[in-house]
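Okay, model-v3.tsv is below, TSV, C-alpha atoms and all ligand atoms:
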```
chain	number	residue	atom	x	y	z
O	11	PRO	CA	-4.20	-1.91	-38.46
O	12	LYS	CA	-0.53	-2.09	-39.38
O	13	PRO	CA	0.58	-4.75	-36.93
O	14	GLY	CA	4.15	-3.59	-36.38
O	15	ARG	CA	3.18	-0.21	-35.04
O	16	THR	CA	0.94	-1.29	-32.22
O	17	ARG	CA	2.90	-1.87	-29.11
O	18	ALA	CA	1.12	-2.23	-25.82
O	19	VAL	CA	3.22	-3.24	-22.89
O	20	LEU	CA	1.96	-4.83	-19.73
O	21	PRO	CA	2.73	-4.11	-16.07
O	22	GLY	CA	6.22	-3.09	-15.12
O	23	GLN	CA	7.55	-2.71	-18.63
O	24	ILE	CA	8.38	0.08	-20.97
O	25	GLY	CA	7.47	-0.31	-24.60
O	26	VAL	CA	9.92	0.74	-27.26
O	27	LEU	CA	9.15	0.89	-30.95
O	28	PRO	CA	11.67	-1.00	-33.11
O	29	ALA	CA	13.18	1.87	-35.10
O	30	PRO	CA	14.35	5.18	-33.56
O	31	THR	CA	11.68	7.06	-35.44
O	32	THR	CA	10.99	10.70	-34.75
O	33	LEU	CA	7.36	11.39	-34.06
O	34	ARG	CA	5.40	14.59	-34.28
O	35	GLN	CA	3.67	14.14	-30.93
O	36	SER	CA	3.68	12.06	-27.78
O	37	ILE	CA	0.50	12.14	-25.71
O	38	ILE	CA	1.21	11.46	-22.07
O	39	VAL	CA	-1.75	10.26	-20.05
O	40	PRO	CA	-1.41	9.55	-16.32
O	41	THR	CA	-3.89	6.93	-15.19
O	42	PHE	CA	-4.98	5.88	-11.75
O	43	ASN	CA	-7.96	3.50	-11.97
O	44	GLU	CA	-9.46	4.79	-15.21
O	45	ARG	CA	-10.63	1.43	-16.61
O	46	ASP	CA	-13.93	2.82	-17.84
O	47	ASN	CA	-12.46	5.88	-19.52
O	48	VAL	CA	-9.62	4.58	-21.67
O	49	ALA	CA	-11.77	3.13	-24.47
O	50	ALA	CA	-13.47	6.43	-25.25
O	51	LEU	CA	-10.18	8.27	-24.81
O	52	LEU	CA	-8.28	6.04	-27.24
O	53	GLU	CA	-11.09	6.16	-29.77
O	54	ARG	CA	-11.26	9.95	-29.77
O	55	LEU	CA	-7.48	10.42	-29.77
O	56	ALA	CA	-7.10	7.99	-32.67
O	57	ALA	CA	-9.81	9.84	-34.59
O	58	ALA	CA	-8.18	13.22	-33.98
O	59	LEU	CA	-4.51	12.45	-34.67
O	60	PRO	CA	-2.38	11.09	-37.54
O	61	HIS	CA	-1.65	7.47	-36.67
O	62	ASP	CA	1.87	7.17	-38.00
O	63	ASP	CA	3.11	10.33	-36.33
O	64	THR	CA	1.75	9.88	-32.83
O	65	GLU	CA	2.46	7.82	-29.76
O	66	ILE	CA	0.32	7.56	-26.66
O	67	VAL	CA	2.17	6.94	-23.41
O	68	PHE	CA	0.13	5.86	-20.41
O	69	VAL	CA	1.86	6.06	-17.05
O	70	ASP	CA	-0.22	4.00	-14.73
O	71	ASP	CA	-0.59	3.45	-10.99
O	72	SER	CA	-3.87	1.56	-11.19
O	73	THR	CA	-5.12	-1.38	-9.18
O	74	ASP	CA	-8.26	-1.91	-11.29
O	75	GLY	CA	-6.72	-3.55	-14.35
O	76	THR	CA	-6.50	-0.36	-16.43
O	77	PRO	CA	-3.24	-1.47	-18.18
O	78	GLU	CA	-4.79	-4.74	-19.36
O	79	VAL	CA	-7.83	-2.87	-20.70
O	80	ILE	CA	-5.54	-0.47	-22.58
O	81	ALA	CA	-3.43	-3.30	-23.96
O	82	ALA	CA	-6.51	-5.09	-25.29
O	83	LEU	CA	-7.88	-1.91	-26.85
O	84	ALA	CA	-4.59	-0.74	-28.34
O	85	ALA	CA	-4.55	-3.68	-30.74
O	86	ASP	CA	-7.49	-2.07	-32.55
O	87	TYR	CA	-5.58	1.09	-33.44
O	88	PRO	CA	-2.62	1.49	-35.79
O	89	ILE	CA	-1.03	3.86	-33.35
O	90	ALA	CA	1.91	3.36	-31.00
O	91	VAL	CA	0.56	2.84	-27.49
O	92	THR	CA	2.75	2.27	-24.46
O	93	VAL	CA	1.60	1.45	-20.97
O	94	HIS	CA	4.18	2.00	-18.30
O	95	HIS	CA	2.77	0.50	-15.13
O	96	ARG	CA	4.43	1.38	-11.86
O	97	ASP	CA	4.31	-1.13	-9.05
O	98	GLU	CA	5.46	1.05	-6.19
O	99	GLY	CA	1.92	2.05	-5.21
O	100	VAL	CA	0.31	5.38	-6.05
O	101	GLY	CA	3.16	7.53	-7.30
O	102	GLY	CA	1.27	10.77	-7.76
O	103	LEU	CA	0.12	12.55	-10.89
O	104	GLY	CA	3.15	14.84	-11.31
O	105	GLY	CA	5.70	12.06	-10.94
O	106	ALA	CA	3.79	9.92	-13.43
O	107	VAL	CA	3.86	12.70	-16.03
O	108	VAL	CA	7.61	13.20	-15.61
O	109	GLU	CA	8.19	9.46	-16.10
O	110	GLY	CA	6.15	9.70	-19.29
O	111	MET	CA	8.27	12.65	-20.44
O	112	ARG	CA	11.42	10.57	-20.05
O	113	ILE	CA	9.99	7.84	-22.29
O	114	ALA	CA	8.35	10.10	-24.86
O	115	ARG	CA	10.02	10.58	-28.26
O	116	GLY	CA	7.76	13.11	-29.95
O	117	GLU	CA	8.77	16.60	-31.06
O	118	TRP	CA	5.82	17.80	-29.01
O	119	ILE	CA	4.94	16.40	-25.62
O	120	VAL	CA	1.25	16.71	-24.85
O	121	VAL	CA	-0.07	16.04	-21.34
O	122	MET	CA	-3.73	15.30	-20.70
O	123	ASP	CA	-6.02	13.53	-18.25
O	124	ALA	CA	-7.62	10.17	-18.97
O	125	ASP	CA	-11.14	11.06	-17.83
O	126	LEU	CA	-12.04	13.13	-20.93
O	127	GLN	CA	-12.32	16.35	-18.97
O	128	HIS	CA	-9.75	17.51	-21.51
O	129	PRO	CA	-11.36	17.03	-24.96
O	130	PRO	CA	-8.95	14.92	-27.08
O	131	GLU	CA	-9.98	16.80	-30.23
O	132	ILE	CA	-8.08	19.84	-28.98
O	133	VAL	CA	-4.65	18.20	-29.23
O	134	PRO	CA	-4.09	19.12	-32.92
O	135	ASP	CA	-5.11	22.71	-32.10
O	136	LEU	CA	-2.51	22.90	-29.34
O	137	ILE	CA	0.27	21.83	-31.66
O	138	ALA	CA	-0.96	23.97	-34.56
O	139	ALA	CA	-0.97	27.01	-32.25
O	140	GLY	CA	2.56	26.21	-31.11
O	141	LEU	CA	3.84	25.91	-34.65
O	142	ARG	CA	1.99	28.98	-35.90
O	143	ASP	CA	3.21	31.23	-33.08
O	144	GLY	CA	6.65	29.67	-32.69
O	145	ALA	CA	5.84	28.82	-29.08
O	146	ASP	CA	7.68	26.47	-26.72
O	147	LEU	CA	4.67	25.86	-24.54
O	148	VAL	CA	0.97	25.81	-25.38
O	149	VAL	CA	-1.41	25.78	-22.44
O	150	GLY	CA	-5.01	24.62	-22.71
O	151	SER	CA	-6.78	27.31	-20.73
O	152	ARG	CA	-10.17	27.51	-19.06
O	153	TYR	CA	-9.63	31.15	-18.19
O	154	THR	CA	-8.73	32.76	-21.48
O	155	ASN	CA	-11.31	34.18	-23.92
O	156	GLY	CA	-13.43	31.32	-25.25
O	157	GLY	CA	-12.45	28.91	-22.47
O	158	SER	CA	-14.67	27.80	-19.62
O	159	THR	CA	-14.70	25.79	-16.43
O	160	GLY	CA	-17.93	24.12	-17.60
O	161	GLY	CA	-17.32	20.81	-15.85
O	162	LEU	CA	-16.19	22.33	-12.56
O	163	ALA	CA	-19.70	21.85	-11.27
O	164	ASP	CA	-19.95	23.23	-7.75
O	165	GLY	CA	-19.13	26.72	-6.56
O	166	TYR	CA	-16.68	25.37	-4.00
O	167	ARG	CA	-14.37	23.83	-6.60
O	168	LYS	CA	-14.62	26.96	-8.70
O	169	LEU	CA	-13.58	29.05	-5.72
O	170	VAL	CA	-10.62	26.79	-4.91
O	171	SER	CA	-9.52	26.84	-8.55
O	172	ARG	CA	-9.78	30.63	-8.82
O	173	GLY	CA	-8.12	31.15	-5.43
O	174	SER	CA	-5.15	28.90	-6.14
O	175	THR	CA	-4.70	30.47	-9.59
O	176	LEU	CA	-4.60	33.92	-8.00
O	177	LEU	CA	-2.17	32.76	-5.30
O	178	VAL	CA	0.19	31.29	-7.84
O	179	LYS	CA	0.01	34.29	-10.15
O	180	THR	CA	0.91	36.66	-7.32
O	181	LEU	CA	3.77	34.51	-6.06
O	182	PHE	CA	5.37	33.84	-9.45
O	183	ARG	CA	4.91	37.19	-11.13
O	184	ASN	CA	7.41	36.99	-13.96
O	185	SER	CA	7.37	33.39	-15.06
O	186	LEU	CA	3.60	32.95	-15.00
O	187	LEU	CA	2.43	36.32	-16.23
O	188	ALA	CA	1.61	34.92	-19.66
O	189	VAL	CA	-0.40	31.96	-18.35
O	190	SER	CA	-4.05	32.53	-17.42
O	191	ASP	CA	-4.50	28.92	-16.25
O	192	PRO	CA	-1.32	27.78	-14.49
O	193	MET	CA	-3.31	24.95	-12.81
O	194	SER	CA	-4.18	23.42	-16.17
O	195	GLY	CA	-3.51	19.72	-16.58
O	196	LEU	CA	-3.69	20.09	-20.38
O	197	PHE	CA	-0.70	21.45	-22.27
O	198	ALA	CA	1.84	20.80	-25.02
O	199	ILE	CA	5.55	21.52	-24.78
O	200	ARG	CA	8.23	21.36	-27.43
O	201	ALA	CA	10.56	18.50	-26.46
O	202	SER	CA	13.57	20.76	-27.14
O	203	SER	CA	12.36	23.19	-24.44
O	204	LEU	CA	11.77	20.48	-21.90
O	205	ASP	CA	14.30	19.40	-19.28
O	206	ALA	CA	12.55	16.62	-17.39
O	207	GLY	CA	15.66	16.05	-15.25
O	208	GLN	CA	15.08	19.38	-13.52
O	209	LEU	CA	11.51	18.61	-12.51
O	210	ARG	CA	10.72	17.56	-8.95
O	211	PRO	CA	6.93	17.59	-8.99
O	212	LEU	CA	4.92	17.24	-5.82
O	213	GLY	CA	1.29	16.32	-6.40
O	214	TYR	CA	-0.94	17.50	-9.24
O	215	LYS	CA	0.44	20.76	-10.57
O	216	ILE	CA	2.98	19.59	-13.09
O	217	LEU	CA	2.53	22.61	-15.40
O	218	LEU	CA	3.40	24.98	-12.57
O	219	GLU	CA	6.54	22.95	-11.87
O	220	LEU	CA	7.49	22.96	-15.52
O	221	VAL	CA	7.00	26.70	-16.07
O	222	VAL	CA	8.92	27.68	-12.95
O	223	ARG	CA	11.86	25.31	-13.37
O	224	ASN	CA	12.21	24.97	-17.15
O	225	ARG	CA	11.31	28.56	-18.00
O	226	PRO	CA	10.05	27.89	-21.53
O	227	GLY	CA	10.51	30.88	-23.84
O	228	ARG	CA	7.33	31.71	-25.68
O	229	VAL	CA	4.03	30.62	-24.12
O	230	VAL	CA	0.65	30.76	-25.86
O	231	GLU	CA	-2.77	29.59	-24.79
O	232	VAL	CA	-5.64	27.79	-26.47
O	233	PRO	CA	-9.07	28.08	-24.87
O	234	TYR	CA	-11.04	24.96	-24.04
O	235	THR	CA	-14.08	24.01	-21.99
O	236	PHE	CA	-13.40	21.73	-19.05
O	237	GLN	CA	-15.77	18.78	-19.45
O	238	THR	CA	-17.49	16.67	-16.83
O	239	ARG	CA	-15.75	13.44	-15.97
O	240	HIS	CA	-16.66	10.61	-18.37
O	241	ALA	CA	-16.68	7.80	-15.77
O	242	GLY	CA	-15.31	7.05	-12.30
O	243	GLU	CA	-14.40	9.75	-9.83
O	244	SER	CA	-11.71	12.34	-9.25
O	245	LYS	CA	-8.54	11.06	-7.56
O	246	SER	CA	-7.85	14.35	-5.89
O	247	THR	CA	-8.16	14.41	-2.09
O	248	ALA	CA	-7.88	16.95	0.70
O	249	ALA	CA	-4.27	15.82	1.17
O	250	GLU	CA	-3.70	17.01	-2.40
O	251	GLY	CA	-4.55	20.53	-1.25
O	252	ILE	CA	-1.86	20.43	1.44
O	253	ARG	CA	0.59	18.96	-1.08
O	254	PHE	CA	-0.19	21.85	-3.43
O	255	LEU	CA	0.66	24.43	-0.74
O	256	LYS	CA	3.93	22.62	0.03
O	257	HIS	CA	4.73	22.47	-3.66
O	258	VAL	CA	4.12	26.19	-4.13
O	259	ALA	CA	6.12	27.10	-1.01
O	260	GLY	CA	9.01	24.89	-2.08
O	261	LEU	CA	9.04	26.32	-5.61
O	262	ARG	CA	8.87	29.89	-4.37
O	263	PHE	CA	11.15	29.90	-1.35
O	264	GLY	CA	13.36	26.88	-1.98
O	265	PRO	CA	13.40	23.83	0.31
O	266	GLY	CA	16.37	25.14	2.34
O	267	ARG	CA	14.75	28.36	3.39
O	268	LEU	CA	11.51	26.59	4.17
O	269	ARG	CA	13.33	24.17	6.47
O	270	MET	CA	15.02	27.04	8.20
O	271	LEU	CA	11.64	28.64	8.86
O	272	ALA	CA	10.21	25.40	10.27
O	273	PHE	CA	13.32	24.90	12.40
O	274	ALA	CA	12.97	28.42	13.74
O	275	LEU	CA	9.33	27.85	14.64
O	276	ILE	CA	10.13	24.62	16.48
O	277	GLY	CA	13.02	26.31	18.27
O	278	LEU	CA	10.70	29.15	19.19
O	279	SER	CA	8.19	26.72	20.67
O	280	GLY	CA	11.02	25.35	22.86
O	281	LEU	CA	11.16	28.69	24.67
O	282	LEU	CA	7.89	27.75	26.30
O	283	PRO	CA	9.01	24.63	28.22
O	284	ASN	CA	12.40	26.25	28.87
O	285	GLN	CA	11.09	29.38	30.54
O	286	ALA	CA	8.25	27.49	32.28
O	287	VAL	CA	10.60	24.93	33.84
O	288	LEU	CA	13.06	27.66	34.84
O	289	TRP	CA	10.30	29.69	36.44
O	290	ALA	CA	8.98	26.65	38.32
O	291	LEU	CA	12.44	25.71	39.62
O	292	LEU	CA	13.19	29.26	40.77
O	293	HIS	CA	9.90	29.50	42.60
O	294	ALA	CA	9.59	26.03	44.07
O	295	THR	CA	13.20	25.06	44.87
O	296	ASP	CA	16.43	26.50	46.19
O	297	VAL	CA	18.63	25.46	43.27
O	298	HIS	CA	21.03	28.10	41.99
O	299	TYR	CA	19.70	29.89	38.91
O	300	THR	CA	22.50	28.53	36.72
O	301	ALA	CA	21.64	24.93	37.70
O	302	ALA	CA	17.97	25.66	37.11
O	303	ALA	CA	18.80	27.03	33.66
O	304	VAL	CA	20.67	23.79	32.87
O	305	MET	CA	17.69	21.62	33.86
O	306	ALA	CA	15.25	23.81	31.95
O	307	ASN	CA	17.45	23.46	28.91
O	308	VAL	CA	17.49	19.66	29.14
O	309	VAL	CA	13.69	19.56	29.12
O	310	ALA	CA	13.49	21.97	26.17
O	311	VAL	CA	16.03	19.95	24.16
O	312	VAL	CA	13.94	16.80	24.51
O	313	TRP	CA	10.90	18.79	23.41
O	314	ASN	CA	12.72	20.21	20.39
O	315	PHE	CA	14.11	16.83	19.38
O	316	ALA	CA	10.66	15.22	19.44
O	317	LEU	CA	9.25	17.90	17.14
O	318	THR	CA	12.23	18.22	14.82
O	319	ASP	CA	12.60	14.49	14.37
O	320	THR	CA	8.94	13.75	13.72
O	321	LEU	CA	7.82	16.85	11.83
O	322	LEU	CA	10.80	18.36	10.08
O	323	TYR	CA	13.20	15.57	9.17
O	324	ARG	CA	10.80	12.63	9.05
O	325	ASN	CA	12.00	11.67	5.55
O	326	HIS	CA	15.68	12.29	6.24
O	327	ARG	CA	16.29	9.96	9.14
O	328	ARG	CA	19.38	8.13	8.06
O	329	ARG	CA	20.83	7.44	11.51
O	330	ALA	CA	19.35	5.18	14.21
O	331	PRO	CA	16.92	6.85	16.68
O	332	LEU	CA	19.32	6.69	19.61
O	333	SER	CA	22.14	8.10	17.50
O	334	ARG	CA	19.95	10.98	16.33
O	335	PHE	CA	18.78	11.68	19.86
O	336	GLY	CA	22.29	11.45	21.29
O	337	ARG	CA	23.71	13.92	18.80
O	338	PHE	CA	20.77	16.27	19.07
O	339	PHE	CA	20.94	16.10	22.89
O	340	LEU	CA	24.66	16.83	22.93
O	341	MET	CA	24.26	19.69	20.48
O	342	GLY	CA	21.24	21.13	22.28
O	343	ASN	CA	23.08	21.16	25.61
O	344	ALA	CA	26.50	22.03	24.28
O	345	ASP	CA	25.36	25.59	23.93
O	346	LEU	CA	25.16	25.69	27.73
O	347	LEU	CA	28.93	26.16	27.60
O	348	LEU	CA	28.20	29.49	26.00
O	349	ARG	CA	24.87	30.24	27.61
O	350	ILE	CA	25.65	29.67	31.30
O	351	PRO	CA	28.65	32.06	31.46
O	352	LEU	CA	26.65	34.51	29.39
O	353	LEU	CA	23.70	34.13	31.77
O	354	ALA	CA	25.96	34.65	34.80
O	355	LEU	CA	27.32	37.78	33.19
O	356	LEU	CA	23.87	39.12	32.42
O	357	VAL	CA	22.32	38.27	35.81
O	358	SER	CA	25.15	38.62	38.35
O	359	GLY	CA	27.14	41.16	36.37
O	360	LEU	CA	24.50	43.35	34.70
O	361	HIS	CA	21.69	42.62	37.18
O	362	LEU	CA	19.23	41.46	34.55
O	363	GLY	CA	16.32	39.24	35.68
O	364	VAL	CA	16.97	35.47	35.37
O	365	LEU	CA	14.10	34.86	32.97
O	366	ALA	CA	15.01	37.82	30.76
O	367	GLY	CA	18.69	36.83	30.78
O	368	ASN	CA	17.80	33.24	29.95
O	369	LEU	CA	15.74	34.40	26.99
O	370	LEU	CA	18.57	36.54	25.66
O	371	THR	CA	21.08	33.68	25.78
O	372	LEU	CA	18.58	31.39	24.03
O	373	VAL	CA	18.15	33.74	21.11
O	374	THR	CA	21.92	34.06	20.76
O	375	SER	CA	22.46	30.33	20.54
O	376	PHE	CA	19.58	29.66	18.14
O	377	ALA	CA	21.30	30.71	14.93
O	378	VAL	CA	24.33	28.60	15.77
O	379	ARG	CA	22.24	25.48	16.41
O	380	PHE	CA	20.29	25.58	13.17
O	381	LEU	CA	23.49	25.54	11.17
O	382	ILE	CA	24.86	22.58	13.11
O	383	SER	CA	21.65	20.54	12.80
O	384	ASP	CA	21.17	21.23	9.12
O	385	ARG	CA	24.76	20.57	8.11
O	386	LEU	CA	26.07	17.95	10.54
O	387	ILE	CA	23.14	15.92	11.84
O	388	TYR	CA	20.74	15.57	8.92
O	389	ARG	CA	22.23	16.92	5.74
O	390	ALA	CA	18.75	17.31	4.25
O	401	LIG	N1	-0.39	7.54	-12.73
O	401	LIG	C1	-1.12	8.29	-11.91
O	401	LIG	N2	-0.80	8.31	-10.57
O	401	LIG	N3	-2.15	9.01	-12.39
O	401	LIG	C2	-2.90	9.74	-11.54
O	401	LIG	C3	-2.62	9.80	-10.15
O	401	LIG	C4	-1.51	9.04	-9.65
O	401	LIG	O1	-1.20	9.01	-8.46
O	401	LIG	N4	-3.55	10.63	-9.58
O	401	LIG	C5	-4.35	11.06	-10.58
O	401	LIG	N5	-3.98	10.51	-11.75
O	401	LIG	C6	-4.58	10.70	-13.09
O	401	LIG	C7	-6.06	10.37	-13.17
O	401	LIG	O2	-6.27	9.00	-13.43
O	401	LIG	C8	-6.50	11.26	-14.31
O	401	LIG	O3	-6.25	10.68	-15.56
O	401	LIG	C9	-5.64	12.49	-14.14
O	401	LIG	O4	-4.50	12.08	-13.40
O	401	LIG	C10	-6.36	13.63	-13.43
O	401	LIG	O5	-6.86	13.17	-12.21
O	401	LIG	P1	-8.28	13.64	-11.65
O	401	LIG	O6	-8.48	13.04	-10.33
O	401	LIG	O7	-9.36	13.43	-12.67
O	401	LIG	O8	-7.97	15.20	-11.46
O	401	LIG	P2	-8.99	16.41	-11.42
O	401	LIG	O9	-10.04	16.29	-12.47
O	401	LIG	O10	-9.43	16.61	-10.03
O	401	LIG	O11	-8.01	17.63	-11.82
O	401	LIG	C11	-7.46	17.71	-13.14
O	401	LIG	O12	-7.88	18.83	-13.85
O	401	LIG	C12	-7.47	20.10	-13.29
O	401	LIG	C13	-7.91	21.18	-14.22
O	401	LIG	O13	-7.30	21.02	-15.50
O	401	LIG	C14	-5.92	17.74	-13.04
O	401	LIG	O14	-5.39	17.70	-14.34
O	401	LIG	C15	-5.45	19.01	-12.34
O	401	LIG	O15	-4.02	19.05	-12.34
O	401	LIG	C16	-5.98	20.19	-13.09
O	401	LIG	O16	-5.72	21.36	-12.35
O	402	MN	MN	-10.53	14.75	-13.68
```

Could I get this structure in the form of structure tokens?
Amino acid sequence: PKPGRTRAVLPGQIGVLPAPTTLRQSIIVPTFNERDNVAALLERLAAALPHDDTEIVFVDDSTDGTPEVIAALAADYPIAVTVHHRDEGVGGLGGAVVEGMRIARGEWIVVMDADLQHPPEIVPDLIAAGLRDGADLVVGSRYTNGGSTGGLADGYRKLVSRGSTLLVKTLFRNSLLAVSDPMSGLFAIRASSLDAGQLRPLGYKILLELVVRNRPGRVVEVPYTFQTRHAGESKSTAAEGIRFLKHVAGLRFGPGRLRMLAFALIGLSGLLPNQAVLWALLHATDVHYTAAAVMANVVAVVWNFALTDTLLYRNHRRRAPLSRFGRFFLMGNADLLLRIPLLALLVSGLHLGVLAGNLLTLVTSFAVRFLISDRLIYRA
């Protein structure tokens, strides 16, 4: 080993090689409790790649001592190894990869898993294919000729993988047409085609994020066979599936439009308590229909606030609870200034039924309220 080149860095730190060398390739490996996989991974990567032209960047969220194991092992290889351990708890696979991209200095940025499901020996092939074909992005694919999902043991996982691939390929027609395996966690991108600052990954599918937001020019694929996990178990959970759907929806429709849809659905659900309370008051009491409409509205506003505040803007609560409620309550009832005269006109003037008139005024005020909530109350 050439001592100066080995640089393993322990928890919370970022390793930097002394000179601003340019490297051929940076291998980014996200790790979350992969203690028993990193030895075999390092050994096979070191055997497959030129030592003085490669760096390996681990971005780690482990609690099992993986960084210490890597640091001890790295001393055996004359290759630049960096462990960037994050202390903020499990940060997610996609976020880890983007952090690695910010640190990486290679001409090519290669991303692969630590559990040897992606054979390390394929890395030189990825880069060779990129250079030969003048590509910006090279995707390791299980679904192109010669590739296989070998290690995806059970039929259920196969189905999920095929289904999500199909979903994504239908939703992102243009940008993903050239990629047979957009779910792949194995790929190489030319650093000059990468803009890590634009990436906002959510969950596992970092390649999808990258293709949609960075729009690399030429994309080629290299077939590979997905292996069975070397040791330990998959970190993917059912919650990851939900996260994937959110990620896809956000990428496709944009967060703003998605919020508007959710806001509309919650508003729609408020019609239920509103009409129900109005109906009950009209049938069981003598209150004037305009007063009944006011009371029904108050109940519906509380209902809408509870749902909006807990489901829609959970991560955007910058004001105190009472302040949020107060503003929301004022806004939700302010539209009575418009709705009650309108209701009187519809019912007393045009002889519409109270419930039908109430519904009509609610629909009118909906569009106005979304804009106020989105812009003035939350600014999400
Ligand atoms: N730093 C960090 N933080 N790493 C993580 C986290 C996290 O929160 N979650 C997972 N990882 C690491 C794992 O330690 C592993 O090295 C890699 O990400 C993949 O995790 P697995 O749990 O083994 O994923 P998988 O086998 O179910 O799915 C993989 O293969 C699929 C097919 O290529 C992923 O790469 C998928 O994105 C891919 O679709
Ligand atoms: Mn895996």

Expected residue set, 10 Å radius at (2.5, 24.4, -29.5), all atoms listed in the file, as a compact mmCIF listing (two decimals) with C-alpha atoms, keeping the file's coordinate frame:
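Result file follows (selection-v1.txt):
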```
# COMPACT_ATOMS: atom_id res chain seq x y z
CA TRP O 118 5.82 17.80 -29.01
CA ILE O 119 4.94 16.40 -25.62
CA VAL O 120 1.25 16.71 -24.85
CA VAL O 133 -4.65 18.20 -29.23
CA PRO O 134 -4.09 19.12 -32.92
CA ASP O 135 -5.11 22.71 -32.10
CA LEU O 136 -2.51 22.90 -29.34
CA ILE O 137 0.27 21.83 -31.66
CA ALA O 138 -0.96 23.97 -34.56
CA ALA O 139 -0.97 27.01 -32.25
CA GLY O 140 2.56 26.21 -31.11
CA LEU O 141 3.84 25.91 -34.65
CA ARG O 142 1.99 28.98 -35.90
CA ASP O 143 3.21 31.23 -33.08
CA GLY O 144 6.65 29.67 -32.69
CA ALA O 145 5.84 28.82 -29.08
CA ASP O 146 7.68 26.47 -26.72
CA LEU O 147 4.67 25.86 -24.54
CA VAL O 148 0.97 25.81 -25.38
CA VAL O 149 -1.41 25.78 -22.44
CA PHE O 197 -0.70 21.45 -22.27
CA ALA O 198 1.84 20.80 -25.02
CA ILE O 199 5.55 21.52 -24.78
CA ARG O 200 8.23 21.36 -27.43
CA ARG O 228 7.33 31.71 -25.68
CA VAL O 229 4.03 30.62 -24.12
CA VAL O 230 0.65 30.76 -25.86
CA GLU O 231 -2.77 29.59 -24.79
CA VAL O 232 -5.64 27.79 -26.47
```

Report task. Tell me, as number ranges by chain, which residues lie within 8 Å of range 373-388 of chain O, counting all atoms listed in the file; anything in the same chain fewer than 6 positions away does not count. Result -> O: 270, 273-274, 277, 323, 326-328, 334, 337-338, 341-342, 345, 348-349

Query raised in the report: Of the candidates O:Ile132, O:Leu169, O:Ile66, O:Leu103, which one gets nearest to ligand MN 402 (chain O) if we count all atoms listed in the file?
Result: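 That would be O:Leu103, the residue with the smallest distance to ligand MN 402 (chain O).
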
Query - Pick from O:Val297, O:Leu218, O:Val304, O:Leu332 nearest to ligand LIG 401 (chain O), counting all atoms listed in the file - result: O:Leu218

Report task. Can you tell me which residues come within 10 Å of ligand MN 402 (chain O) when counting all atoms listed in the file, ideally as a PyMOL selection string? Result -> chain O and resi 122-128+161-162+195+236-246

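Residues in contact range of Tyr234 in chain O, defined as at most 9 Å between only C-alpha atoms, with sequence neighbours fewer than 2 positions away removed, read O:His128, O:Pro129, O:Ile132, O:Gly150, O:Ser151, O:Arg152, O:Tyr153, O:Thr154, O:Gly156, O:Gly157, O:Ser158, O:Thr159, O:Val232, O:Phe236.
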
Query raised in the report: Which polymer residues have any atom within 9 Å of an atom of range 257-265 of chain O, counting all atoms listed in the file, with same-chain residues fewer than 2 positions away left out, as number ranges by chain?
Result: O: 178, 181-182, 211-213, 215, 218-219, 222-223, 252-255, 267-270

**Report entry** Pairwise distance for atom N1 of ligand LIG 401 (chain O) and CA of Arg172 in chain O, rounded to one decimal in Å
**Finding:**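 Value for the atom N1 of ligand LIG 401 (chain O)-CA of Arg172 in chain O distance: 25.2 Å.
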
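Minimum atom-to-atom distance to ligand LIG 401 (chain O), evaluated using all atoms listed in the file, belongs to O:Ala248 out of O:Ile89, O:Leu278, O:Leu204, O:Ala248.
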
Query - Given only C-alpha atoms and all ligand atoms as the counted atoms, nearest of O:Ile216, O:Ala188, O:Val108, O:Val91 to ligand LIG 401 (chain O) - result: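 When distances to ligand LIG 401 (chain O) are compared using only C-alpha atoms and all ligand atoms, the smallest one comes from O:Ile216.
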
**Report entry** Separation of CA of Val312 in chain O from CA of Ser358 in chain O, in Å and rounded to one decimal
**Finding:** 28.2 Å

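Nearest to Asn307 in chain O of all the residues O:Asn284, O:Thr320, O:Thr73, O:Gln208 is O:Asn284, based on all atoms listed in the file.
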
**Report entry** 8 Å contact set for Ala310 in chain O, all atoms listed in the file, chain neighbours under 2 positions out, as a list in words
**Finding:** Gly280, Leu281, Pro283, Asn284, Ala306, Asn307, Val308, Val312, Trp313 and Asn314 of chain O

Take the residues from that selection and write them out as a short mmCIF file (atom, residue, chain, number, x, y, z; two decimals), keeping the file's coordinate frame, keeping C-alpha atoms.
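This went into result-v1.cif:
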```cif
data_model
loop_
_atom_site.label_atom_id
_atom_site.label_comp_id
_atom_site.auth_asym_id
_atom_site.auth_seq_id
_atom_site.Cartn_x
_atom_site.Cartn_y
_atom_site.Cartn_z
CA GLY O 280 11.02 25.35 22.86
CA LEU O 281 11.16 28.69 24.67
CA PRO O 283 9.01 24.63 28.22
CA ASN O 284 12.40 26.25 28.87
CA ALA O 306 15.25 23.81 31.95
CA ASN O 307 17.45 23.46 28.91
CA VAL O 308 17.49 19.66 29.14
CA VAL O 312 13.94 16.80 24.51
CA TRP O 313 10.90 18.79 23.41
CA ASN O 314 12.72 20.21 20.39
#
```

Report task. To one decimal in Å, tell me the separation between CA of Lys256 in chain O and CA of Leu176 in chain O. Result ->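 Here the two named atoms are 16.3 Å from each other.
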
Report task. Show which residues sit within 9 Å of range 109-111 of chain O, as number ranges by chain. Count all atoms listed in the file, and ignore same-chain residues fewer than 6 positions away. Result -> O: 36-40, 67-69, 94, 119, 201, 204, 206

**Report entry** Proximity to ligand LIG 401 (chain O) - best of O:Ala57, O:Leu196, O:Leu360, O:Ala85, only C-alpha atoms and all ligand atoms
**Finding:**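 Closest to ligand LIG 401 (chain O), using only C-alpha atoms and all ligand atoms: O:Leu196.
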